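Data first, discussion second: the structure below is written as structure tokens.
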Amino acid sequence: MQVTRNIMDQVRQDISEALRNSISELVAAGKLPPAVEAQAVQGIALEAPKDPNHGHLASPVALGLAKSARMAPRAVAEAIRDQLMQPGHSPYIEMVEVAGPGFINFRLSSKWAADTVRAIRSLGREYGTSTHGAGAGVLVEFVSANPVGPMNVVNARAAAVGDTLVRLLKAAGYRAASEFYVNDAGRQVDILAESVFAHVQQLRGVEYEFPEEGYRGSYVRDIAEKALADLGEQLGAAADADADAARALLREFSLQYILGWQKRSLGAYGVEFDRWFSEKSLRAAGAVEDLIASLTEQGLTYEQEGALWFRSTAFGDDKDRVLIKNDGDYTYVAPDLAYHKDKLNRGFTKLIDILGPDHHGYEGRMQAGLKAFGQPDGTLEVLILQLVTLLRDGEPVKMSKRAGEFITMDDLLEDVPVDAARYFFIMRNTSSHLEFDLNLAKAQSMDNPVWYIQYAHARCCSIFRQAEAAGIPASSWADPDIAQLAQASEAELVRKMAMFPDEVLSAAIERAPSRMARFALDFAGAFHSFYTECRVITDDPGLTAARLALVDAARTVLANSLNLMGVSAPERM
RNA sequence: GCGCCUAUAGCUCAGUGGAUAGAGCACCGGCCUCCGGAGCCGGGUGCGCAGGUUCAAUUCCUGCUAGGCGCGCCA
């Protein structure tokens, strides 16, 4: 037997079909006017009600049909219900009720519950995945922090959101890849090299003025010391003979130093990029020239005041953008456009850029570029993350770059466990400001949502240890009678686990990792309620078997949702 | 001035064209001879303001108000 990946999906199809048939039958019998049929064919909505009292699925179809039927919504709903009661409809329907203003609510049968638990246990780690994306290529670019200093907390938020989004997209059947764009060719790196050079000279006892706009963090001196240790004579000789040669050496050295640092920090955070894309390599390949030539060929560039401009206003941007400055250098816009074109050339049909709140002005020019490339609207999606406020002891942590008082990503991860950091950073909508409570993230208590969820998983594992200790063979609960699970908390747990594939898909499609965070928390709550109400290991072998199977399915859902967030699922805590 | 984001319970936040708008925290009260009490159960006068679209608006549209961020030939 083929295992259905998403039972709810199948049930929805069944019931939609049943509803549609019932309406046709009513029209044929003259109990509803023909006008409603045309309307009903448009599609029949079925939703999962928030309130469990409203059943597993509900349809507002009668509300929409009331007007053209010239009947009260409840009367329409009751007619449909009566028709649905005729035999031959879906085996998953246990009961149909009309409620409220005219909703048709469906309670699903124990066959449905049994199929759900069986499918989850059979699919295991695959439960929640789908083929919705049909292998379409999606490139998610995030963090892309300039290689000139430590990463900040918004970079950490971007890393958690981006990485989780990639996991979600993969689960939803997309060919998703993560990318970090390395700005290794711009002026920023030159300034870093000059800053390091000043330190090098100082360390060598040579007087040298620190650059006005130089980077002042203590890490700059660390790089200088490391460079002197590693490059030794070569660097000293260059510094004495040819400052530019020394700067070039330091430029490359600093870059590698910081890239290594960024990779370590992100790696410790559980974020491995599929690719670190070098701007320098893009330039070396002539991609920027090609881009400009192509735009020029389309008549989308012009010269003014010694600079070359991109007519981005032709595609909805606020103002035109400079591509080549009057000093002959590119602005960042030119390589960035070339980079986005490169992404398309590599076969990605959807590009997602995750940016910090200070970069939202960037979207207009990139969107203009994508249109100039002839891409349909929606090819590029820009997710702007809002600010993060750190709270310590209930007070906002004041950060001032000027005073050198700011919490870096490394500081944060030293303070807070990785699992907690990742969870906290994704638990809010990306468009909302995020308050990050450092005390709570560190707390090993029920108040901490990460602990609460992980505890539910550990509890499942503990039950299996107990079962084993009690000598209950695994074979005894391989395929138990799920109909024995009659408690409210059991039904609720099944209902929620059945919704997991839809949740994964929604989170992926809406680019909303926070949905997964909330689902996991909610599901853990349902598990704890069940655990308190129902003792799993009892004197009744049949009931014990059914509950062990239920716990097994719950453990899978917990583990899979934690895994999608990059949070560990511990067996003991 | 223009652009983006936000406005929902005391606090932090969900939610969505549909039923009585939810969760956590905080506060009050219950629940352990038993699988991990790191838990569970109960307790609520809240959608910034004003119009519009709709059978139905917290949700969509318009205009206000308040807050955050941005508006460089920096990235």
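Numbering starts fresh at 1 for the residues of each chain in the structure tokens, the chains themselves are lettered A, B, ... in the order given, and ligands are numbered from 1 as they appear.
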
Quick one: DSSP alpha helix (DSSP H) residues in range 98-334 of chain A, as an NGL selection string? :A and (110-123 or 153-171 or 187-203 or 218-241 or 243-268 or 279-284 or 287-297 or 333-334)

If you count only C-alpha atoms (C1' of nucleotides), which residues fall within 8 Å of range 25-29 of chain B, apart from same-chain ones fewer than 6 positions away, as number ranges by chain? A: 447; B: 11-12, 42-43

Dump as a PDB file with C-alpha atoms (C1' of nucleotides), in the first residue's frame the residues of chain B that approach chain A to within 7 Å, counting only C-alpha atoms (C1' of nucleotides).
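Written output follows (out.pdb):
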ATOM      1  C1'   C B   4       9.616  50.474   4.339  1.00  0.00           C
ATOM      2  C1'   C B   5       7.936  48.217   8.961  1.00  0.00           C
ATOM      3  C1'   U B   6       4.802  48.282  13.277  1.00  0.00           C
ATOM      4  C1'   A B  19     -18.231  30.858  14.238  1.00  0.00           C
ATOM      5  C1'   C B  35       5.895   6.545  32.876  1.00  0.00           C
ATOM      6  C1'   G B  36      10.711  12.958  34.192  1.00  0.00           C
ATOM      7  C1'   A B  38      11.410  20.776  33.923  1.00  0.00           C
ATOM      8  C1'   G B  39       4.468  19.048  33.927  1.00  0.00           C
ATOM      9  C1'   C B  40      -1.097  19.677  33.899  1.00  0.00           C
ATOM     10  C1'   C B  55     -23.707  38.056   3.049  1.00  0.00           C
ATOM     11  C1'   C B  69      14.118  52.308  10.516  1.00  0.00           C
ATOM     12  C1'   G B  70      15.921  54.283   5.996  1.00  0.00           C
ATOM     13  C1'   C B  73      28.760  58.437  -7.033  1.00  0.00           C
ATOM     14  C1'   A B  75      27.281  48.374   1.371  1.00  0.00           C
TER      15        A B  75
END

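Excluding A21 in chain B itself and same-chain residues fewer than 6 positions from it, the residues having an atom within 9 Å of it are U8, G15, C47 and U58 of chain B, counting only C-alpha atoms (C1' of nucleotides).
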
Determine the nearest neighbour of Leu505 in chain A from the options A:Met8, A:Leu168, A:Ala368, A:Leu231, counting only C-alpha atoms.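 Of the candidates, the smallest distance to Leu505 in chain A is held by A:Leu168.
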
Mind checking which residues fall within 12 Å of Pro335 in chain A, counting only C-alpha atoms (C1' of nucleotides), ignoring those fewer than 4 positions away in the same chain, and posting them as a PyMOL selection string? (chain A and resi 181-186+277-292+322-324+329-331+339-342+366+369) or (chain B and resi 75)

Point out the residue among A:Ile93, A:Val189, A:Leu32, A:Ala72 with the least atom-to-atom distance to Val11 in chain A, counting only C-alpha atoms. A:Ile93

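Between Glu97 in chain A and the candidates A:Ser254, A:Gly55, A:Ala69, A:Pro33, the tightest atom-to-atom separation, counting only C-alpha atoms, involves A:Gly55.
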
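For the atom pair formed by CA of Ser218 in chain A and CA of His199 in chain A, the distance is 10.4 Å, given to one decimal.
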
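Note that CA of Ser144 in chain A and CA of Asp353 in chain A are 9.8 Å apart.
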
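Across the structure, CA of Asp410 in chain A and CA of Arg275 in chain A are spaced 21.6 Å apart.
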
Enumerate, as a PyMOL selection string, the complete set of residues in range 135-381 of chain A that a backbone-based DSSP assignment places in strand (DSSP E or B). chain A and resi 137-141+152+175-182+275-278+301-304+307-310+321-324+330+350-355+380-381

Which residues are near Glu78 in chain A? Cut-off 9 Å, only C-alpha atoms (C1' of nucleotides), ignore same chain within fewer than 2 positions. Put them as a PyMOL selection string. chain A and resi 62+73-76+80-83+97-98+102+104

Near range 147-151 of chain A, within 6 Å and counting only C-alpha atoms (C1' of nucleotides), which residues show up once chain neighbours fewer than 6 positions away are dropped, as an MDAnalysis selection string? chainID A and resid 258 408:409
